[in-house]
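A quick write-up on the structure given underneath.
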2 protein chains.
Amino acid sequence: MIGNLYGVSLGPGDPDLITRRSWRLLQSEAYWTYPVKKRNGSSYALQIALQAGLTKPENSTELVFPMTHDKEKLVKYWLQAAQTVVEQIQQGHDVIFLVEGDASTFSTFQHLAKTVKSLDEDIRIETIPGVTSFNAAAARAEMPLADTDDTVAIIPAGYGLEMIDALLNDFDTLVLLKVKPILDDIIELLQQKNLLPNSCFIEKAGSPEERIVHDIVSLQGEKVNYLSLIMVSNNHHRKRGEMIRGCRKK
Amino acid sequence: MIGNLYGVSLGPGDPDLITRRSWRLLQSEAYWTYPVKKRNGSSYALQIALQAGLTKPENSTELVFPMTHDKEKLVKYWLQAAQTVVEQIQQGHDVIFLVEGDASTFSTFQHLAKTVKSLDEDIRIETIPGVTSFNAAAARAEMPLADTDDTVAIIPAGYGLEMIDALLNDFDTLVLLKVKPILDDIIELLQQKNLLPNSCFIEKAGSPEERIVHDIVSLQGEKVNYLSLIMVSNNHHRKRGEMIRGCRKK
C-alpha cells in the first residue's frame, strides 16, 4: 500500500484561516514536508502551522525551492524534492506538503505534484484549496474583491506601469501583487487617475504582522515588505455597460 | 453592550472547506442570519452549515435578497435585512451572516454590512475570508489558477464573446463565471483558439454535487447548472515577455 500526496493550503498566515480539512490532515499520521528557500532556511508555511499551536512531527522534511527564475536549476530542485516525497509515499506514508495561501495560486505545489506524478503515476494527489492573500486582504481592508457583475484582474506588479494603466481602464478591481519594487510609481499613477480613495495597501494580509494602509501616499519612499499588495476596488474608470443584458435573461 | 456583525464565509460547498474561525463562530452563541432569494426559500449558505452536521439555532433569521438588477428594489431589501440585524445587535447579540464562498467575492454581505453601518456606525463588523469557488475549481480540476508570474482575470461570462476573446490574448488564466447562457458560444471560441486542452468546466465546485468536465465539447447543447464556471489555464495565446526583469532584481 502506497500513501497519498496532499497539497495542504494553510491560508494567508492567520492559523484561524486554515480549513477544517487541512487542519485534520495536519493532525493525521501523514509526514510533513514544507518549502524552504535554502537548506535549514525558514518556512512561512511551516510557521503558520506552528503558530496554530501544532508541533512539527519528527518525521518532517524540508524541501528546498530556491528563489530563482533559472528554469533548469528549478527543475533540478523540483526533481530532488519529488524524489524525497515519492520515497516516503512508496514506503506507505501519506505526505502533506504545507502551502501558504492557496495551493493552486502562485504555489510551488503544482510543480512538486507534476514531478511526483512523472516519477510514479500511481500516486494519488489531492489539492486542498485555501484562502488566498487577496481574499484576506479584501476582508481586512473592508473592500469588495468583486461586487455583482464586477470584473477582477490579479497580476504581479512587475509587469509595469503601462500594463497597470491599461488594466485600470478595463477592470472593476485590480489586485497588484509584490508591489515593492515599483511602489512609488504605482502610487503616482493611482494619484494621476484619481484612484487613491479606491486603493489600499496590505502587507502580509491575514498574518500576525499584517499592516493595512488606506492612505497609500504616506508610503512614498518607504521600503515595504516583499509580501505586499495593492488593491484598487470599485474603479470608476472602468467603462461599464458592456454586460449583455440578454445573457442575464436567458 | 451591543453585539458585533460577522460575515462568515463558508467556502464553496464542502463543509470541510470552512475555516477554523468560521467554524468557531458557527458554534458560538451568535445569532445566525442567512440569505434566501424569497421568503421561506432555500439557502445555499445555510445548507453548507447543515451539511457540516450543525443544527440551525432557534434564533436564526432568514434575510431576503431577491434576484434582481433593480437597484431601487435591492436597496429596499438591503435596508429591511439590515434593520433586522441591527435590532438583534442592539439587543446585545452577536450576529453572523452565512456566506457561500468568500464574503468579499460576489457576495451580498458587503451590501448588508454597508447598510448596517449606515444605520448604526458603532456596530463593529468583521469579514471572515473564505475559499472561493474558483480556488476550489482549480484544486479539483488540477489546474493552476496562477503559476509564477501569471496574470489572472475573473469575469462573469455574460460580458460576451468579444471581451472573452480579447482577455484570452492578455491573460494566462481566465475564469469565466456563470457560463450557462452562452456556453455553446464559449466552447466554439475556445475550439477556434485551440484552447480546449487548456479548458475545464466545473459545476458547483467543492460541493457534494460537483461535476468536472475536461472534455468541454461534450457539453455542447446541454443545459448546465447556474453555478458553473470555465477555467482556461496556461493559455498559450498570452503574449509573454512583458515582465520587467529589472523589477525583479530591485
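Residues in the C-alpha cells are named by chain (A, B, ... in the order shown) and by number from 1 within that chain; ligands are numbered from 1 in the order shown.
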
Practice problem: Kindly determine which residues of chain A lie within 7 Å of chain B, considering only C-alpha atoms, and give the answer as a PyMOL selection string. | Solution: chain A and resi 16-21+104-107+110+127-131+135-136+138-139+144-156+158-160+181+242-244+247-248+250

Quiz item: In range 60-203 of chain A, what's helix (DSSP H, G or I) per DSSP? Answer as a PyMOL selection string?
Solution: chain A and resi 71-90+109-119+133-141+157-159+161-168+180-192+196-198

Exercise. Name all residues at most 8 Å from Gln220 in chain A (count only C-alpha atoms; drop same-chain ones fewer than 6 positions away) and give them as a ChimeraX atom specification.
Key: /A:183-184,187

Exercise. Write out as a PyMOL selection string each polymer residue whose atoms come within 9 Å of Ser207 in chain B, counting only C-alpha atoms; drop sequence neighbours fewer than 2 positions from it.
Key: chain B and resi 12-15+48+203-205+209-211

Saved selection, atoms kept: C-alpha atoms, as a PDB file, in the first residue's frame:
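So the final result, stored in again33.pdb, reads:
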ATOM      1  CA  PRO B  12     -17.754  26.747  -1.921  1.00  0.00           C
ATOM      2  CA  GLY B  13     -19.934  23.946  -0.516  1.00  0.00           C
ATOM      3  CA  ASP B  14     -17.834  21.192   1.044  1.00  0.00           C
ATOM      4  CA  PRO B  15     -18.213  21.762   4.815  1.00  0.00           C
ATOM      5  CA  ILE B  48     -23.388  24.188   3.835  1.00  0.00           C
ATOM      6  CA  GLU B 203     -20.189  22.855 -11.834  1.00  0.00           C
ATOM      7  CA  LYS B 204     -20.779  23.525  -8.135  1.00  0.00           C
ATOM      8  CA  ALA B 205     -17.057  23.298  -7.387  1.00  0.00           C
ATOM      9  CA  GLU B 209     -22.942  17.744  -6.419  1.00  0.00           C
ATOM     10  CA  GLU B 210     -19.701  18.868  -8.018  1.00  0.00           C
ATOM     11  CA  ARG B 211     -19.115  17.950 -11.671  1.00  0.00           C
TER      12      ARG B 211
END

Quiz item: If we count only C-alpha atoms, what is near Leu26 in chain A at a cut-off of 10 Å, once residues fewer than 6 positions away on the same chain are taken out, given as a PyMOL selection string?
Solution: chain A and resi 8+10+20+32+49+54-57+96-98

Practice problem: Once DSSP has gone over the backbone, tell me which residues of range 136-220 of chain A are in strand (DSSP E or B), as a list in words. | Solution: Ala146, Val152, Ala153, Ile154, Ile155, Pro156, Thr173, Leu174, Val175, Leu176, Leu177, Ser199, Cys200, Phe201, Ile202, Glu203, Arg211, Ile212 and Val213 of chain A
